[in-house]
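Worksheet: the structure to be examined is printed underneath.
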Amino acid sequence: MTPLRTRRSTAPTLSVEKSFATAGHRYVAGCDEVGRGALAGPVSVGIVVVDLGAPAPLRGVRDSKLLPAAEREALVPRIRRWSVASAVGHASAAEIDALGLMSALRVAGSRAWASVLETVTPDVVILDGNHDWLSARSQGVLFGAGGGAVGIEQGGCTAPVHTRIKADLKCLSVAAASVLAKVERDALMVSLAADHPDFGWDVNKGYATESHRAAIDVAGPSEYHRRTWRLGSLARPDAARTESGG
């Protein structure tokens, strides 16, 4: 087993971000999501923009999953000061049910993207993973008031998006984005737990623990649960699909 000290000694860097400078790019955005595999609450997308002409590496930043909650929270103001622009966007459980997970991620990313555009227009985006769910495109899956299908423009990122597996471990801007998204989503779930104490969201943050599923069996899903997913430990006739992702 790798000691924690050794595992944490490999910090993400700006090497990948700086590789885009050869193409004349200056503002590079890192993007990551959290909440993909939860049963309740939103999916949340963080974006952090760095100026390749300015930033020194920011110490202490790791993929949010590798940091204790207290360290993540302490990093937030430092990341905000270090970056040119940063934002977190959310898509609700109801939007996930209506649009599907990938389209809901795009909605959350579009909201974060619109926020950073108020400060700067990134030249390029590094997105964690191997699938580009961030780029702008149209979606025609919703139904209008009369029951007919209607097309909607979801918006989205208009800069070139480069996907990279494990970017949250290797790219400092992406790791920073994961920290912002994780801290903001966790805080939201803790606040919701006050009115829905049976589900333990202050501890499980909406993810699929045994106790969370058991509570859904007893109380039924709340308005913050993803109702099209398999939620409780018992089979439900209205559960059309199971959750996926991390």
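In the structure tokens, each chain is lettered A, B, ... as it comes, each chain's residues begin at 1, and ligands are numbered from 1 in order of appearance.
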Counting only C-alpha atoms, what is within 6 Å of Ala136 of chain A, bar same-chain residues fewer than 4 positions away, as a ChimeraX atom specification?
/A:155-157
Expected file contents, prior selection, N, CA, C and O atoms, as a PDB file, in the first residue's frame:
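Final output, saved to again-v2.pdb:
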```pdb
ATOM      1  N   GLY A 155     -26.858  25.903 -24.826  1.00  0.00           N
ATOM      2  CA  GLY A 155     -25.664  26.708 -24.639  1.00  0.00           C
ATOM      3  C   GLY A 155     -24.463  25.808 -24.453  1.00  0.00           C
ATOM      4  O   GLY A 155     -24.458  24.653 -24.837  1.00  0.00           O
ATOM      5  N   GLY A 156     -23.452  26.356 -23.825  1.00  0.00           N
ATOM      6  CA  GLY A 156     -22.260  25.561 -23.567  1.00  0.00           C
ATOM      7  C   GLY A 156     -21.013  26.300 -23.961  1.00  0.00           C
ATOM      8  O   GLY A 156     -21.040  27.426 -24.454  1.00  0.00           O
ATOM      9  N   CYS A 157     -19.902  25.653 -23.756  1.00  0.00           N
ATOM     10  CA  CYS A 157     -18.593  26.238 -24.027  1.00  0.00           C
ATOM     11  C   CYS A 157     -18.362  26.359 -25.526  1.00  0.00           C
ATOM     12  O   CYS A 157     -18.605  25.417 -26.288  1.00  0.00           O
TER      13      CYS A 157
END
```
Polymer residues at most 12 Å from segment 226-231 of chain A, only C-alpha atoms, same-chain spacing of 5 or more positions, as a PyMOL selection string:
chain A and resi 35-43+91-101+104+199+206-221+236-244
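Neighbouring residues of Glu71 of chain A at 10 Å or closer, counting only C-alpha atoms and skipping chain neighbours under 6 positions away, are Gly60, Val61, Arg62, Ser64 and Val179 of chain A.
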From the DSSP assignment of the backbone, select every residue of segment 152-205 of chain A that is strand (DSSP E), and format the answer as a compact mmCIF listing (two decimals) with N, CA, C and O atoms, in the first residue's frame.
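Resulting contents of part31.txt:
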```
# COMPACT_ATOMS: atom_id res chain seq x y z
N ILE A 152 -34.48 22.69 -27.54
CA ILE A 152 -33.94 23.75 -26.69
C ILE A 152 -32.47 23.91 -27.00
O ILE A 152 -31.78 22.97 -27.36
N GLU A 153 -32.00 25.12 -26.87
CA GLU A 153 -30.57 25.39 -27.03
C GLU A 153 -29.96 25.43 -25.64
O GLU A 153 -30.30 26.27 -24.81
N VAL A 161 -12.31 22.42 -26.67
CA VAL A 161 -12.25 21.62 -25.46
C VAL A 161 -11.35 20.41 -25.71
O VAL A 161 -11.54 19.67 -26.68
N HIS A 162 -10.36 20.23 -24.84
CA HIS A 162 -9.44 19.10 -24.93
C HIS A 162 -9.69 18.19 -23.73
O HIS A 162 -9.44 18.57 -22.59
N THR A 163 -10.20 16.98 -23.99
CA THR A 163 -10.42 16.03 -22.91
C THR A 163 -9.10 15.36 -22.55
O THR A 163 -8.25 15.12 -23.41
N ARG A 164 -8.97 15.05 -21.27
CA ARG A 164 -7.75 14.39 -20.80
C ARG A 164 -8.09 13.51 -19.60
O ARG A 164 -8.59 14.00 -18.59
```
Best match for closeness to Ile79 of chain A among A:Pro55, A:Gly24, A:Pro122, A:Gly232, counting only C-alpha atoms
A:Pro55
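Take atom CA of Gly109 of chain A and atom CA of Ala87 of chain A: the distance between them is 9.4 Å.
Omitting Arg111 of chain A and its sequence neighbours fewer than 4 positions away, and counting only C-alpha atoms, the residues within 7 Å are Gly89, Val107 and Ser115 of chain A.
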Mind writing the picked residues with N, CA and C atoms as a tab-separated table (two decimals), in the first residue's frame?
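Resulting contents of result.tsv:
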```
chain	number	residue	atom	x	y	z
A	89	GLY	N	-21.04	25.91	-11.62
A	89	GLY	CA	-22.42	25.84	-12.09
A	89	GLY	C	-23.07	24.55	-11.65
A	107	VAL	N	-25.49	21.59	-19.03
A	107	VAL	CA	-26.23	22.73	-18.47
A	107	VAL	C	-25.43	23.35	-17.32
A	115	SER	N	-20.49	32.44	-16.37
A	115	SER	CA	-19.99	33.24	-15.26
A	115	SER	C	-18.55	33.69	-15.50
```
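Here atom CA of Ala159 of chain A stands at a distance of 10.3 Å from atom CA of Ile126 of chain A.
Note that the spacing between atom CA of Ala167 of chain A and atom CA of Asn130 of chain A amounts to 9.9 Å.
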Per-residue DSSP, segment 22-227 of chain A, filtered to alpha helix (DSSP H), as a PyMOL selection string:
chain A and resi 69-82+93-99+101-117+167-170+172-193+201-204+210-219
